[in-house]
Amino acid sequence: MEQIAPNDLLVFARVVAEGSLTAAADKLGLPKSTVSRRLSRLEEQLGERLLLRTTRRLNITEFGAALLDHARQLESEVEAVAALAESRQARPSGRLRVSMPSDFANLLLTDMLAAFAALHPAVTLELDLSPRRVDLLGENFDLAIRLGDLPDDALLAARRLAVFPWGLYAAPAYLAEHGEPQAPDDLHRHRALRLLARTGDAIRWTLLCGDQRWEGVPPGSITANSPELLIRFACAAAGITTVPEYFAAPHVQRGELRRVLPDWRPPSIAAWAVFPGRRLMPAKTRAFLDMLQAALGGDQRG
């Protein structure tokens, strides 16, 4: 069979939608004779009638009705491409609601957020820095940054922003007073600064060294849901904590923290941008997401 011209399918869909060759020709900006010729050519290629034409009306055949679903799908795809092109040329504007952990905003993204605001003055940026997991659709958020594994949700889409290696850290003053652990089991004789899970419990520590794996919850009197705060406690010689290497790096460079058990490390954690799974992303969200991914440097930090 000769290859079907997509434009002929679009013409067929328009003729059915308008109910006449004349109205379809007006909508398409084509002569009526051209519309009639394309329709006839499509029928010849397919070997069946699509429309039964009388002087007063057009009746679609059974085969034409079956083909119409495909023609309408093609028409929808063409319209989506046009909308995408228009959106990419549009100036980002309107209210942009973003949820992210406060640590990301304070330690990683301050410069990026300021640059975005300066570059897109028509966008009103609203940041929710609470640790709760917001309902993007129910609370009308445009985007959220989330860590770790994501639950399956057909209504949301996600893009991986970065993968953060983690490590164990303590202040030199703390290690000088309490000694430095030589193996993971030694952590049970130290004070742990632990991260709080959404369940309200301290997150269990998991350490990996090659094929070896250690799990436990070392004792500690401080638990918080902010790695940034745990770093501050560690710098104050309050104990040993586990945080992303990238967060701890400036303190290590200044001599405020030291890596503990360097051969052992917690599993890396991915950071994701999560957003409503719309077919077409608004220009404001796309611009923010592009800057966010550039600021976090792709897939790997460390």
# chains A, B, ... in the order shown; residues from 1 in each chain; ligands from 1
call {"tool": "residues_around", "arguments": {"residues": "Pro92 of chain A", "least_positions_apart": "2", "cutoff": "8 Å", "atoms": "only C-alpha atoms", "output": "list in words"}}
result
Ala90, Gly94, His120, Ala122, Val123, Pro282, Ala283, Lys284 and Ala287 of chain A
call {"tool": "closest_atom_pairs", "arguments": {"of": "segment 114-201 of chain A", "to": "segment 221-243 of chain A", "cutoff": "7 Å", "atoms": "only C-alpha atoms", "output": "Markdown table"}}
result
| residue | atom | partner | partner_atom | distance |
| --- | --- | --- | --- | --- |
| A:Trp166 | CA | A:Val243 | CA | 5.4 |
| A:Gly167 | CA | A:Thr242 | CA | 5.5 |
| A:Leu168 | CA | A:Thr242 | CA | 4.5 |
| A:Tyr169 | CA | A:Thr241 | CA | 5.5 |
| A:Ala170 | CA | A:Ile240 | CA | 4.7 |
| A:Ala171 | CA | A:Ala237 | CA | 5.2 |
| A:Ala173 | CA | A:Ala237 | CA | 6.0 |
| A:Tyr174 | CA | A:Ala237 | CA | 4.7 |
| A:Arg191 | CA | A:Gly239 | CA | 4.9 |
| A:Ala192 | CA | A:Ile240 | CA | 5.0 |
| A:Leu193 | CA | A:Thr241 | CA | 4.8 |
| A:Arg194 | CA | A:Thr223 | CA | 4.7 |
| A:Leu195 | CA | A:Ala224 | CA | 5.3 |
| A:Leu196 | CA | A:Asn225 | CA | 4.6 |
| A:Ala197 | CA | A:Asn225 | CA | 6.9 |
call {"tool": "write_last_selection", "arguments": {"atoms": "C-alpha atoms", "output": "tab-separated table (two decimals), in the first residue's frame"}}
result
chain	number	residue	atom	x	y	z
A	166	TRP	CA	26.46	10.76	52.34
A	167	GLY	CA	29.07	10.36	55.03
A	168	LEU	CA	29.67	10.30	58.80
A	169	TYR	CA	31.08	13.47	60.37
A	170	ALA	CA	32.13	14.79	63.77
A	171	ALA	CA	34.03	17.78	65.11
A	173	ALA	CA	37.00	18.44	69.48
A	174	TYR	CA	34.39	15.70	69.92
A	191	ARG	CA	26.49	10.10	70.77
A	192	ALA	CA	24.62	10.11	67.46
A	193	LEU	CA	22.93	13.16	65.95
A	194	ARG	CA	20.10	11.44	64.16
A	195	LEU	CA	17.79	12.42	61.33
A	196	LEU	CA	14.08	12.30	62.07
A	197	ALA	CA	11.83	10.31	59.73
call {"tool": "closest_residue", "arguments": {"among": "A:Leu261, A:Leu129, A:Leu155, A:Leu42", "to": "Gln182 of chain A", "atoms": "only C-alpha atoms"}}
result
A:Leu261
call {"tool": "residues_around", "arguments": {"residues": "Leu108 of chain A", "least_positions_apart": "3", "cutoff": "12 Å", "atoms": "only C-alpha atoms", "output": "ChimeraX atom specification"}}
result
/A:100-105,111-114,162,228,244,246-250,292-297,301
call {"tool": "write_last_selection", "arguments": {"atoms": "N, CA, C and O atoms", "output": "JSON list (two decimals), in the first residue's frame"}}
result
[["chain", "number", "residue", "atom", "x", "y", "z"],
["A", 100, "MET", "N", 10.20, 22.69, 48.87],
["A", 100, "MET", "CA", 11.52, 22.06, 48.95],
["A", 100, "MET", "C", 12.00, 22.04, 50.40],
["A", 100, "MET", "O", 11.56, 22.87, 51.20],
["A", 101, "PRO", "N", 12.90, 21.12, 50.75],
["A", 101, "PRO", "CA", 13.46, 21.14, 52.11],
["A", 101, "PRO", "C", 14.23, 22.44, 52.34],
["A", 101, "PRO", "O", 14.88, 22.96, 51.43],
["A", 102, "SER", "N", 14.15, 22.93, 53.56],
["A", 102, "SER", "CA", 14.84, 24.19, 53.87],
["A", 102, "SER", "C", 16.34, 24.08, 53.66],
["A", 102, "SER", "O", 17.00, 25.06, 53.29],
["A", 103, "ASP", "N", 16.91, 22.88, 53.86],
["A", 103, "ASP", "CA", 18.35, 22.69, 53.66],
["A", 103, "ASP", "C", 18.76, 22.98, 52.23],
["A", 103, "ASP", "O", 19.82, 23.56, 51.97],
["A", 104, "PHE", "N", 17.92, 22.55, 51.28],
["A", 104, "PHE", "CA", 18.24, 22.80, 49.88],
["A", 104, "PHE", "C", 18.23, 24.29, 49.60],
["A", 104, "PHE", "O", 19.13, 24.82, 48.92],
["A", 105, "ALA", "N", 17.22, 24.98, 50.09],
["A", 105, "ALA", "CA", 17.13, 26.41, 49.84],
["A", 105, "ALA", "C", 18.30, 27.15, 50.48],
["A", 105, "ALA", "O", 18.92, 28.04, 49.86],
["A", 111, "ASP", "N", 21.61, 31.16, 45.65],
["A", 111, "ASP", "CA", 22.03, 31.92, 44.47],
["A", 111, "ASP", "C", 21.12, 31.64, 43.27],
["A", 111, "ASP", "O", 20.76, 32.55, 42.52],
["A", 112, "MET", "N", 20.76, 30.38, 43.09],
["A", 112, "MET", "CA", 19.89, 30.02, 41.97],
["A", 112, "MET", "C", 18.52, 30.67, 42.09],
["A", 112, "MET", "O", 17.97, 31.18, 41.12],
["A", 113, "LEU", "N", 17.95, 30.67, 43.30],
["A", 113, "LEU", "CA", 16.63, 31.25, 43.51],
["A", 113, "LEU", "C", 16.67, 32.76, 43.26],
["A", 113, "LEU", "O", 15.75, 33.32, 42.65],
["A", 114, "ALA", "N", 17.73, 33.41, 43.72],
["A", 114, "ALA", "CA", 17.86, 34.84, 43.48],
["A", 114, "ALA", "C", 18.02, 35.14, 41.99],
["A", 114, "ALA", "O", 17.44, 36.10, 41.46],
["A", 162, "ALA", "N", 19.81, 15.15, 41.03],
["A", 162, "ALA", "CA", 21.17, 14.85, 41.49],
["A", 162, "ALA", "C", 21.13, 13.62, 42.38],
["A", 162, "ALA", "O", 20.09, 13.22, 42.88],
["A", 228, "GLU", "N", 20.87, 20.37, 57.93],
["A", 228, "GLU", "CA", 21.59, 21.61, 58.21],
["A", 228, "GLU", "C", 21.76, 21.81, 59.71],
["A", 228, "GLU", "O", 22.85, 22.18, 60.19],
["A", 244, "PRO", "N", 24.63, 14.61, 53.85],
["A", 244, "PRO", "CA", 25.22, 14.60, 52.51],
["A", 244, "PRO", "C", 26.62, 15.21, 52.50],
["A", 244, "PRO", "O", 26.89, 16.21, 53.16],
["A", 246, "TYR", "N", 28.08, 16.84, 50.29],
["A", 246, "TYR", "CA", 28.13, 18.19, 49.73],
["A", 246, "TYR", "C", 27.76, 19.23, 50.78],
["A", 246, "TYR", "O", 28.30, 20.34, 50.78],
["A", 247, "PHE", "N", 26.85, 18.88, 51.70],
["A", 247, "PHE", "CA", 26.48, 19.81, 52.76],
["A", 247, "PHE", "C", 27.63, 20.00, 53.74],
["A", 247, "PHE", "O", 27.85, 21.09, 54.26],
["A", 248, "ALA", "N", 28.36, 18.91, 54.02],
["A", 248, "ALA", "CA", 29.41, 18.96, 55.03],
["A", 248, "ALA", "C", 30.72, 19.53, 54.49],
["A", 248, "ALA", "O", 31.57, 19.98, 55.27],
["A", 249, "ALA", "N", 30.91, 19.52, 53.17],
["A", 249, "ALA", "CA", 32.20, 19.87, 52.56],
["A", 249, "ALA", "C", 32.76, 21.21, 53.03],
["A", 249, "ALA", "O", 33.95, 21.30, 53.38],
["A", 250, "PRO", "N", 31.98, 22.30, 53.08],
["A", 250, "PRO", "CA", 32.57, 23.58, 53.53],
["A", 250, "PRO", "C", 33.09, 23.52, 54.96],
["A", 250, "PRO", "O", 34.12, 24.13, 55.28],
["A", 292, "LEU", "N", 17.03, 24.86, 37.97],
["A", 292, "LEU", "CA", 17.24, 23.98, 39.11],
["A", 292, "LEU", "C", 18.20, 22.85, 38.75],
["A", 292, "LEU", "O", 19.15, 22.55, 39.50],
["A", 293, "GLN", "N", 18.00, 22.25, 37.60],
["A", 293, "GLN", "CA", 18.86, 21.15, 37.18],
["A", 293, "GLN", "C", 20.28, 21.64, 36.90],
["A", 293, "GLN", "O", 21.26, 20.97, 37.23],
["A", 294, "ALA", "N", 20.39, 22.83, 36.31],
["A", 294, "ALA", "CA", 21.72, 23.38, 36.06],
["A", 294, "ALA", "C", 22.44, 23.69, 37.37],
["A", 294, "ALA", "O", 23.65, 23.46, 37.50],
["A", 295, "ALA", "N", 21.71, 24.19, 38.36],
["A", 295, "ALA", "CA", 22.33, 24.55, 39.65],
["A", 295, "ALA", "C", 22.82, 23.32, 40.40],
["A", 295, "ALA", "O", 23.86, 23.37, 41.07],
["A", 296, "LEU", "N", 22.10, 22.22, 40.29],
["A", 296, "LEU", "CA", 22.49, 21.02, 41.00],
["A", 296, "LEU", "C", 23.46, 20.15, 40.20],
["A", 296, "LEU", "O", 23.88, 19.09, 40.67],
["A", 297, "GLY", "N", 23.77, 20.56, 39.01],
["A", 297, "GLY", "CA", 24.87, 19.94, 38.28],
["A", 297, "GLY", "C", 24.60, 18.58, 37.70],
["A", 297, "GLY", "O", 25.51, 17.79, 37.52],
["A", 301, "ARG", "N", 26.53, 14.63, 42.68],
["A", 301, "ARG", "CA", 27.20, 15.66, 43.48],
["A", 301, "ARG", "C", 28.13, 14.97, 44.46],
["A", 301, "ARG", "O", 27.83, 13.89, 44.97]]
call {"tool": "closest_residue", "arguments": {"among": "A:Asp211, A:Gly148, A:Leu52, A:Pro262", "to": "Ser40 of chain A", "atoms": "only C-alpha atoms"}}
result
A:Leu52
call {"tool": "select_by_dssp", "arguments": {"residues": "segment 218-277 of chain A", "states": "helix (DSSP H, G or I)", "output": "PyMOL selection string"}}
result
chain A and resi 227-235+245-253
call {"tool": "atom_distance", "arguments": {"atom1": "atom CA of Ala115 of chain A", "atom2": "atom CA of Arg133 of chain A"}}
result
25.8 Å
call {"tool": "residues_around", "arguments": {"residues": "Ile145 of chain A", "least_positions_apart": "6", "cutoff": "7 Å", "atoms": "only C-alpha atoms", "output": "list in words"}}
result
Ser99, Met100, Ala271, Trp272, Ala273 and Val274 of chain A
call {"tool": "decode", "arguments": {"residues": "segment 118-162 of chain A", "atoms": "N, CA and C atoms", "output": "short mmCIF file (atom, residue, chain, number, x, y, z; two decimals), in the first residue's frame"}}
result
data_model
loop_
_atom_site.label_atom_id
_atom_site.label_comp_id
_atom_site.auth_asym_id
_atom_site.auth_seq_id
_atom_site.Cartn_x
_atom_site.Cartn_y
_atom_site.Cartn_z
N ALA A 118 15.52 37.33 39.48
CA ALA A 118 16.02 38.45 38.69
C ALA A 118 15.78 38.25 37.20
N LEU A 119 15.91 37.02 36.74
CA LEU A 119 15.77 36.72 35.31
C LEU A 119 14.31 36.71 34.87
N HIS A 120 13.41 36.38 35.79
CA HIS A 120 11.99 36.27 35.43
C HIS A 120 11.15 37.13 36.37
N PRO A 121 11.21 38.44 36.22
CA PRO A 121 10.49 39.33 37.14
C PRO A 121 8.97 39.19 37.06
N ALA A 122 8.45 38.62 35.97
CA ALA A 122 7.00 38.45 35.84
C ALA A 122 6.48 37.23 36.60
N VAL A 123 7.40 36.45 37.19
CA VAL A 123 7.02 35.27 37.97
C VAL A 123 7.04 35.63 39.46
N THR A 124 5.96 35.32 40.16
CA THR A 124 5.92 35.47 41.61
C THR A 124 6.25 34.12 42.24
N LEU A 125 7.43 34.03 42.84
CA LEU A 125 7.92 32.76 43.38
C LEU A 125 7.51 32.62 44.83
N GLU A 126 6.78 31.54 45.14
CA GLU A 126 6.36 31.24 46.51
C GLU A 126 7.01 29.92 46.93
N LEU A 127 7.80 29.95 48.00
CA LEU A 127 8.54 28.79 48.47
C LEU A 127 7.95 28.27 49.78
N ASP A 128 7.64 27.00 49.82
CA ASP A 128 7.24 26.32 51.05
C ASP A 128 8.42 25.47 51.48
N LEU A 129 9.05 25.83 52.61
CA LEU A 129 10.24 25.14 53.08
C LEU A 129 9.95 24.21 54.25
N SER A 130 8.71 23.89 54.47
CA SER A 130 8.37 22.99 55.57
C SER A 130 8.77 21.57 55.19
N PRO A 131 9.06 20.72 56.19
CA PRO A 131 9.51 19.35 55.89
C PRO A 131 8.40 18.41 55.45
N ARG A 132 7.15 18.86 55.53
CA ARG A 132 6.04 17.97 55.18
C ARG A 132 6.02 17.68 53.68
N ARG A 133 5.41 16.58 53.31
CA ARG A 133 5.26 16.23 51.90
C ARG A 133 3.94 16.81 51.41
N VAL A 134 4.01 17.87 50.63
CA VAL A 134 2.80 18.58 50.22
C VAL A 134 2.03 17.75 49.19
N ASP A 135 0.75 18.03 49.07
CA ASP A 135 -0.11 17.46 48.04
C ASP A 135 -0.06 18.40 46.85
N LEU A 136 0.73 18.07 45.83
CA LEU A 136 0.94 18.99 44.73
C LEU A 136 -0.36 19.40 44.06
N LEU A 137 -1.22 18.43 43.80
CA LEU A 137 -2.46 18.73 43.09
C LEU A 137 -3.48 19.38 44.01
N GLY A 138 -3.66 18.82 45.20
CA GLY A 138 -4.66 19.34 46.12
C GLY A 138 -4.33 20.73 46.63
N GLU A 139 -3.04 21.05 46.77
CA GLU A 139 -2.63 22.36 47.28
C GLU A 139 -2.12 23.28 46.18
N ASN A 140 -2.27 22.85 44.95
CA ASN A 140 -1.93 23.69 43.79
C ASN A 140 -0.46 24.11 43.76
N PHE A 141 0.43 23.14 44.02
CA PHE A 141 1.86 23.40 43.87
C PHE A 141 2.29 23.06 42.44
N ASP A 142 3.25 23.82 41.94
CA ASP A 142 3.76 23.58 40.60
C ASP A 142 4.90 22.57 40.59
N LEU A 143 5.68 22.51 41.68
CA LEU A 143 6.86 21.65 41.70
C LEU A 143 7.28 21.42 43.14
N ALA A 144 7.86 20.25 43.40
CA ALA A 144 8.42 19.95 44.72
C ALA A 144 9.72 19.20 44.56
N ILE A 145 10.67 19.44 45.46
CA ILE A 145 11.91 18.66 45.51
C ILE A 145 11.72 17.59 46.58
N ARG A 146 11.96 16.34 46.21
CA ARG A 146 11.81 15.22 47.14
C ARG A 146 13.04 14.33 47.08
N LEU A 147 13.32 13.68 48.20
CA LEU A 147 14.51 12.85 48.32
C LEU A 147 14.14 11.39 48.43
N GLY A 148 15.02 10.54 47.91
CA GLY A 148 14.84 9.10 48.06
C GLY A 148 13.89 8.51 47.04
N ASP A 149 13.39 7.33 47.35
CA ASP A 149 12.50 6.63 46.44
C ASP A 149 11.15 7.33 46.38
N LEU A 150 10.55 7.34 45.20
CA LEU A 150 9.25 7.98 45.01
C LEU A 150 8.17 6.92 44.85
N PRO A 151 7.01 7.15 45.46
CA PRO A 151 5.90 6.22 45.23
C PRO A 151 5.34 6.39 43.82
N ASP A 152 4.77 5.32 43.30
CA ASP A 152 4.15 5.41 41.98
C ASP A 152 2.91 6.29 42.06
N ASP A 153 2.80 7.23 41.15
CA ASP A 153 1.64 8.12 41.10
C ASP A 153 1.43 8.52 39.65
N ALA A 154 0.35 8.04 39.06
CA ALA A 154 0.10 8.28 37.64
C ALA A 154 -0.19 9.75 37.36
N LEU A 155 -0.53 10.53 38.39
CA LEU A 155 -0.87 11.93 38.19
C LEU A 155 0.34 12.85 38.26
N LEU A 156 1.50 12.30 38.67
CA LEU A 156 2.70 13.12 38.83
C LEU A 156 3.81 12.62 37.92
N ALA A 157 4.69 13.53 37.54
CA ALA A 157 5.89 13.19 36.79
C ALA A 157 7.10 13.61 37.62
N ALA A 158 8.27 13.05 37.30
CA ALA A 158 9.47 13.35 38.09
C ALA A 158 10.69 13.41 37.19
N ARG A 159 11.65 14.24 37.60
CA ARG A 159 12.94 14.31 36.91
C ARG A 159 14.04 14.26 37.97
N ARG A 160 15.01 13.36 37.77
CA ARG A 160 16.09 13.26 38.74
C ARG A 160 17.02 14.47 38.59
N LEU A 161 17.30 15.12 39.71
CA LEU A 161 18.14 16.31 39.71
C LEU A 161 19.59 16.01 40.05
N ALA A 162 19.81 15.15 41.03
CA ALA A 162 21.17 14.85 41.49
C ALA A 162 21.13 13.62 42.38
#
